[in-house]
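Below is protein-v6.pdb, which holds PDB, C-alpha atoms.
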```pdb
ATOM      1  CA  MET G   1      19.218 -13.645 -11.823
ATOM      2  CA  PRO G   2      21.926 -12.698 -14.364
ATOM      3  CA  PRO G   3      25.509 -13.282 -13.359
ATOM      4  CA  THR G   4      27.268 -10.241 -12.050
ATOM      5  CA  SER G   5      30.556  -9.310 -13.507
ATOM      6  CA  ALA G   6      33.380  -8.328 -11.260
ATOM      7  CA  ALA G   7      34.708  -4.836 -11.662
ATOM      8  CA  PRO G   8      37.915  -4.793 -13.648
ATOM      9  CA  ALA G   9      41.049  -4.581 -11.577
ATOM     10  CA  PRO G  10      42.432  -1.070 -11.422
ATOM     11  CA  PRO G  11      45.567  -0.526 -13.471
ATOM     12  CA  PRO G  12      48.812  -0.612 -11.524
ATOM     13  CA  PRO G  13      50.039   2.797 -10.445
ATOM     14  CA  PRO G  14      52.702   4.360 -12.632
ATOM     15  CA  PRO G  15      56.272   4.098 -11.409
ATOM     16  CA  PRO G  16      57.487   6.953  -9.231
ATOM     17  CA  HIS G  17      58.749   9.941 -11.202
ATOM     18  CA  ALA G  18      62.365   9.450 -10.105
ATOM     19  CA  GLU G  19      62.323   5.899 -11.475
ATOM     20  CA  ILE G  20      60.914   7.166 -14.769
ATOM     21  CA  LEU G  21      63.714   9.731 -14.999
ATOM     22  CA  ALA G  22      66.405   7.188 -14.144
ATOM     23  CA  THR G  23      65.152   4.498 -16.518
ATOM     24  CA  ALA G  24      65.016   6.981 -19.401
ATOM     25  CA  LEU G  25      68.800   6.539 -19.348
ATOM     26  CA  PRO G  26      70.549   3.322 -20.387
ATOM     27  CA  PRO G  27      71.007   0.623 -17.731
ATOM     28  CA  PRO G  28      72.457  -0.523 -15.482
ATOM     29  CA  TRP G  29      70.725   1.550 -12.834
ATOM     30  CA  THR G  30      71.604   1.627  -9.155
ATOM     31  CA  TYR G  31      68.919   2.031  -6.498
ATOM     32  CA  VAL G  32      70.355   3.147  -3.168
ATOM     33  CA  ALA G  33      67.751   2.362  -0.512
ATOM     34  CA  THR G  34      67.847   3.984   2.910
ATOM     35  CA  ALA G  35      64.816   2.326   4.510
ATOM     36  CA  GLN G  36      65.093  -0.025   7.450
ATOM     37  CA  ALA G  37      62.287  -2.490   8.115
ATOM     38  CA  TYR G  38      61.403  -2.497  11.791
ATOM     39  CA  ASP G  39      57.890  -3.890  11.321
ATOM     40  CA  ASP G  40      55.834  -6.073   8.971
ATOM     41  CA  GLU G  41      54.281  -3.136   7.146
ATOM     42  CA  MET G  42      57.697  -1.692   6.255
ATOM     43  CA  HIS G  43      58.882  -5.141   5.124
ATOM     44  CA  GLU G  44      55.893  -5.188   2.754
ATOM     45  CA  ARG G  45      56.655  -1.690   1.449
ATOM     46  CA  ILE G  46      60.261  -2.603   0.743
ATOM     47  CA  ALA G  47      59.219  -5.833  -0.988
ATOM     48  CA  LEU G  48      56.742  -3.894  -3.155
ATOM     49  CA  HIS G  49      59.420  -1.382  -4.138
ATOM     50  CA  ARG G  50      61.847  -4.172  -5.045
ATOM     51  CA  SER G  51      59.240  -6.109  -7.052
ATOM     52  CA  ARG G  52      58.328  -3.012  -9.068
ATOM     53  CA  ARG G  53      61.852  -2.584 -10.356
ATOM     54  CA  GLY G  54      62.687  -4.899 -13.209
ATOM     55  CA  GLU G  55      65.871  -6.151 -14.780
ATOM     56  CA  GLY G  56      68.748  -3.721 -14.982
ATOM     57  CA  TRP G  57      68.497  -2.500 -11.384
ATOM     58  CA  THR G  58      71.045  -3.162  -8.674
ATOM     59  CA  THR G  59      69.838  -2.355  -5.166
ATOM     60  CA  ILE G  60      72.247  -1.261  -2.451
ATOM     61  CA  ASP G  61      71.002  -0.833   1.098
ATOM     62  CA  ALA G  62      72.577   2.211   2.730
ATOM     63  CA  PRO G  63      70.518   3.144   5.781
ATOM     64  CA  LEU G  64      73.412   5.050   7.377
ATOM     65  CA  ASP G  65      76.563   5.423   5.249
ATOM     66  CA  LEU G  66      74.937   7.060   2.260
ATOM     67  CA  ALA G  67      77.893   9.360   1.568
ATOM     68  CA  GLY G  68      80.343   6.445   1.574
ATOM     69  CA  THR G  69      78.060   4.323  -0.590
ATOM     70  CA  LEU G  70      77.668   7.067  -3.198
ATOM     71  CA  ALA G  71      81.390   7.841  -3.185
ATOM     72  CA  ALA G  72      82.161   4.191  -3.955
ATOM     73  CA  LEU G  73      79.786   3.826  -6.917
ATOM     74  CA  PRO G  74      81.152   3.427 -10.440
ATOM     75  CA  ASP G  75      81.179   6.455 -12.734
ATOM     76  CA  ASP G  76      78.532   7.192 -15.373
ATOM     77  CA  ARG G  77      75.827   4.959 -13.902
ATOM     78  CA  PRO G  78      72.343   6.365 -13.226
ATOM     79  CA  VAL G  79      71.758   6.311  -9.471
ATOM     80  CA  LEU G  80      68.478   6.768  -7.616
ATOM     81  CA  VAL G  81      68.657   7.464  -3.873
ATOM     82  CA  ASP G  82      65.425   6.810  -1.975
ATOM     83  CA  CYS G  83      65.108   8.612   0.372
ATOM     84  CA  LEU G  84      66.840  11.360   2.341
ATOM     85  CA  THR G  85      64.185  11.751   5.028
ATOM     86  CA  LEU G  86      64.378   8.053   5.953
ATOM     87  CA  TRP G  87      68.170   8.316   5.991
ATOM     88  CA  LEU G  88      67.986  11.383   8.269
ATOM     89  CA  THR G  89      65.515   9.550  10.528
ATOM     90  CA  ASN G  90      67.933   6.621  10.807
ATOM     91  CA  HIS G  91      70.714   8.928  11.999
ATOM     92  CA  MET G  92      68.519  10.857  14.395
ATOM     93  CA  LEU G  93      67.092   7.713  16.002
ATOM     94  CA  ALA G  94      70.599   6.254  16.332
ATOM     95  CA  GLU G  95      71.637   9.543  17.987
ATOM     96  CA  HIS G  96      74.448  10.059  15.476
ATOM     97  CA  ASP G  97      75.907  13.434  14.592
ATOM     98  CA  PHE G  98      73.405  13.875  11.768
ATOM     99  CA  GLU G  99      74.587  17.414  10.998
ATOM    100  CA  LEU G 100      78.059  16.051  10.224
ATOM    101  CA  GLU G 101      76.512  13.260   8.116
ATOM    102  CA  CYS G 102      74.415  15.802   6.200
ATOM    103  CA  ARG G 103      77.544  17.823   5.396
ATOM    104  CA  ARG G 104      79.357  14.649   4.271
ATOM    105  CA  LEU G 105      76.436  13.761   2.035
ATOM    106  CA  ALA G 106      76.149  17.253   0.517
ATOM    107  CA  ASP G 107      79.886  17.146  -0.216
ATOM    108  CA  VAL G 108      79.570  13.841  -2.100
ATOM    109  CA  LEU G 109      76.442  15.017  -3.922
ATOM    110  CA  SER G 110      78.299  18.135  -5.061
ATOM    111  CA  ARG G 111      80.568  15.890  -7.158
ATOM    112  CA  PRO G 112      78.277  13.435  -8.976
ATOM    113  CA  ARG G 113      80.024  11.118 -11.389
ATOM    114  CA  GLY G 114      76.912  10.423 -13.397
ATOM    115  CA  PRO G 115      73.198  11.196 -13.395
ATOM    116  CA  TRP G 116      72.035  10.981  -9.785
ATOM    117  CA  PHE G 117      68.410  11.294  -8.712
ATOM    118  CA  VAL G 118      67.760  11.952  -5.028
ATOM    119  CA  VAL G 119      64.293  11.510  -3.497
ATOM    120  CA  SER G 120      63.148  13.124  -0.280
ATOM    121  CA  ASN G 121      59.915  14.143   1.414
ATOM    122  CA  GLU G 122      58.876  17.713   2.061
ATOM    123  CA  VAL G 123      57.934  17.892   5.724
ATOM    124  CA  GLY G 124      57.935  21.625   6.430
ATOM    125  CA  GLN G 125      54.755  22.714   4.666
ATOM    126  CA  GLY G 126      52.374  21.539   7.370
ATOM    127  CA  ILE G 127      51.700  22.704  10.866
ATOM    128  CA  VAL G 128      54.463  22.964  13.440
ATOM    129  CA  PRO G 129      54.750  19.538  15.092
ATOM    130  CA  ASP G 130      53.593  19.217  18.681
ATOM    131  CA  ASN G 131      56.722  17.548  20.061
ATOM    132  CA  ALA G 132      60.397  18.410  20.256
ATOM    133  CA  LEU G 133      61.709  15.400  18.305
ATOM    134  CA  ALA G 134      59.334  16.044  15.387
ATOM    135  CA  ARG G 135      60.247  19.753  15.338
ATOM    136  CA  ARG G 136      63.942  18.878  15.436
ATOM    137  CA  PHE G 137      63.435  16.450  12.538
ATOM    138  CA  ARG G 138      61.444  18.978  10.503
ATOM    139  CA  ASP G 139      64.139  21.621  10.967
ATOM    140  CA  ALA G 140      66.978  19.186  10.184
ATOM    141  CA  ALA G 141      65.178  17.949   7.054
ATOM    142  CA  GLY G 142      64.725  21.533   5.898
ATOM    143  CA  ARG G 143      68.429  22.264   6.329
ATOM    144  CA  LEU G 144      69.360  19.010   4.570
ATOM    145  CA  HIS G 145      67.066  19.840   1.650
ATOM    146  CA  GLN G 146      68.669  23.279   1.362
ATOM    147  CA  GLN G 147      72.172  21.767   1.329
ATOM    148  CA  VAL G 148      71.247  19.197  -1.313
ATOM    149  CA  ALA G 149      69.296  21.680  -3.453
ATOM    150  CA  ALA G 150      72.259  24.062  -3.417
ATOM    151  CA  VAL G 151      74.478  21.466  -5.134
ATOM    152  CA  ALA G 152      71.783  19.977  -7.413
ATOM    153  CA  ASP G 153      71.473  20.862 -11.076
ATOM    154  CA  THR G 154      67.697  20.434 -10.989
ATOM    155  CA  VAL G 155      65.177  20.361  -8.133
ATOM    156  CA  LEU G 156      61.651  19.069  -8.673
ATOM    157  CA  LEU G 157      58.819  19.266  -6.153
ATOM    158  CA  MET G 158      56.177  16.602  -6.716
ATOM    159  CA  VAL G 159      52.616  17.755  -6.069
ATOM    160  CA  ALA G 160      49.784  15.270  -6.651
ATOM    161  CA  GLY G 161      52.119  13.233  -8.847
ATOM    162  CA  LEU G 162      53.041  16.232 -10.986
ATOM    163  CA  PRO G 163      56.608  17.560 -11.127
ATOM    164  CA  LEU G 164      57.063  21.271 -10.480
ATOM    165  CA  LYS G 165      60.493  22.597 -11.407
ATOM    166  CA  VAL G 166      61.949  24.580  -8.505
ATOM    167  CA  LYS G 167      65.503  24.887  -9.836
TER     168      LYS G 167
END
```
structure tokens encoding of this file:
Amino acid sequence: MPPTSAAPAPPPPPPPHAEILATALPPPWTYVATAQAYDDEMHERIALHRSRRGEGWTTIDAPLDLAGTLAALPDDRPVLVDCLTLWLTNHMLAEHDFELECRRLADVLSRPRGPWFVVSNEVGQGIVPDNALARRFRDAAGRLHQQVAAVADTVLLMVAGLPLKVK
């Protein structure tokens, strides 16, 4: 019986679009991460994200004080924030005044001191959630996206890995 050859390993996925946009600019780049790892799977996701980014990146964890973190960053440095929906989730689960935090964030984002790229997830295009917390989150995320889009120079919606320019 002839030896069987193993199928070639699939190529690694391309970097996320926001990372491509940020790294098209000269380093150093700042990655502001909002995720919190409450389980093993999320620890693995965070580790994968960190391993994908090479030299030139500084990572700052800001699961709650995103506005303060952004306000304190040096001028003229490319910044990638990932992601607003996790940040909003953190505030909602902690039972903070997330509407106040969203206004604080929109205020800081209205005065960027360099190229800032902000990632979020669209959650309002599906069916209406079946529970009150999920509906409250969906509505709050929609309002947050509107606030951030209003102060953004450009808004892209990613569909199947393709950027669609919204603004």
Contacts between region 149-153 of chain G and region 13-114 of chain G, please, where a residue of region 13-114 of chain G counts if it comes within 9 Å (with only C-alpha atoms); show its shortest atom pair and distance in Å to one decimal, rows by chain and ascending number, as a tab-separated table.
```
residue	atom	partner	partner_atom	distance
G:Ala106	CA	G:Val151	CA	7.2
G:Asp107	CA	G:Val151	CA	8.5
G:Leu109	CA	G:Val151	CA	6.8
G:Ser110	CA	G:Val151	CA	5.1
G:Arg111	CA	G:Val151	CA	8.5
```
Query raised in the report: Mind pulling up the distance from CA of Val118 (chain G) to CA of Trp57 (chain G)?
Result: 15.8 Å
Report task. Could you tell me how far CA of Cys102 (chain G) lies from CA of Gln36 (chain G), in Å and to one decimal? Result ->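 Going from CA of Cys102 (chain G) over to CA of Gln36 (chain G) covers 18.4 Å.
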Query raised in the report: From the list G:Trp116, G:Trp29, G:Tyr38, G:Phe137, which residue is nearest Val81 (chain G) when using all atoms listed in the file?
Result: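 Nearest candidate to Val81 (chain G) out of G:Trp116, G:Trp29, G:Tyr38, G:Phe137: G:Trp116.
Excluding Asp61 (chain G) itself and same-chain residues fewer than 3 positions from it, the residues having an atom within 12 Å of it are Thr30, Tyr31, Val32, Ala33, Thr34, Ala35, Gln36, Ala37, Ile46, Arg50, Thr58, Leu64, Asp65, Leu66, Gly68, Thr69, Leu70, Leu80, Val81, Asp82, Cys83 and Trp87 of chain G, counting all atoms listed in the file.
Nearest-residue note for Thr154 (chain G): choosing from G:Arg52, G:Ala141, G:Asp130, G:Pro115, the minimum distance belongs to G:Pro115, counting all atoms listed in the file.
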Query raised in the report: Which of these, G:His17, G:Arg135, G:Lys167, G:Arg113, has the shortest distance to Pro78 (chain G) once you count only C-alpha atoms?
Result: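 Checking each of G:His17, G:Arg135, G:Lys167, G:Arg113 against Pro78 (chain G), counting only C-alpha atoms, the winner is G:Arg113.
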Query raised in the report: Any idea what's packed within 6 Å of Gly114 (chain G), counting only C-alpha atoms, ignoring anything in its chain fewer than 6 positions away? Could you give it as a VMD selection string?
Result: chain G and resid 75 to 77
Report task. Provide the CA of Glu19 (chain G) to CA of Arg103 (chain G) distance in Å, to one decimal place. Result ->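 Value for the CA of Glu19 (chain G)-CA of Arg103 (chain G) distance: 25.7 Å.
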Query raised in the report: Which residues, written as a list in words, have at least one atom at most 10 Å from Leu93 (chain G), with all atoms listed in the file counted and residues fewer than 5 positions away on the same chain left out?
Result: Leu88, Phe98 and Leu133 of chain G
Query raised in the report: Got a sec to resolve the PyMOL selection byres ((chain G and resi 156) around 9) on this structure and send the residues as an NGL selection string?
Result: :G and (154-155 or 157-158 or 163-167)
Report task. Using all atoms listed in the file, find the one residue out of G:Ala160, G:Ala67, G:Val79, G:Ala6 that sits nearest to Pro28 (chain G). Result ->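 Nearest to Pro28 (chain G): G:Val79.
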Could you write out as AutoDock Vina command-line options the box around region 7-16 of chain G (axis-aligned, all atoms listed in the file, 6 Å on each side), with centre and edge lengths in Å to one decimal?
```
--center_x 46.1 --center_y 1.1 --center_z -11.4 --size_x 34.8 --size_y 23.8 --size_z 16.4
```
**Report entry** Using all atoms listed in the file: which of G:Leu84, G:Ala9, G:Ile127, G:Val108 has the shortest distance to Leu144 (chain G)
**Finding:**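 Of all the options, G:Leu84 lies closest to Leu144 (chain G).
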Query - Pick from G:Ala134, G:Pro74, G:Ala62, G:Ala140 nearest to Asp97 (chain G), counting only C-alpha atoms - result: G:Ala140
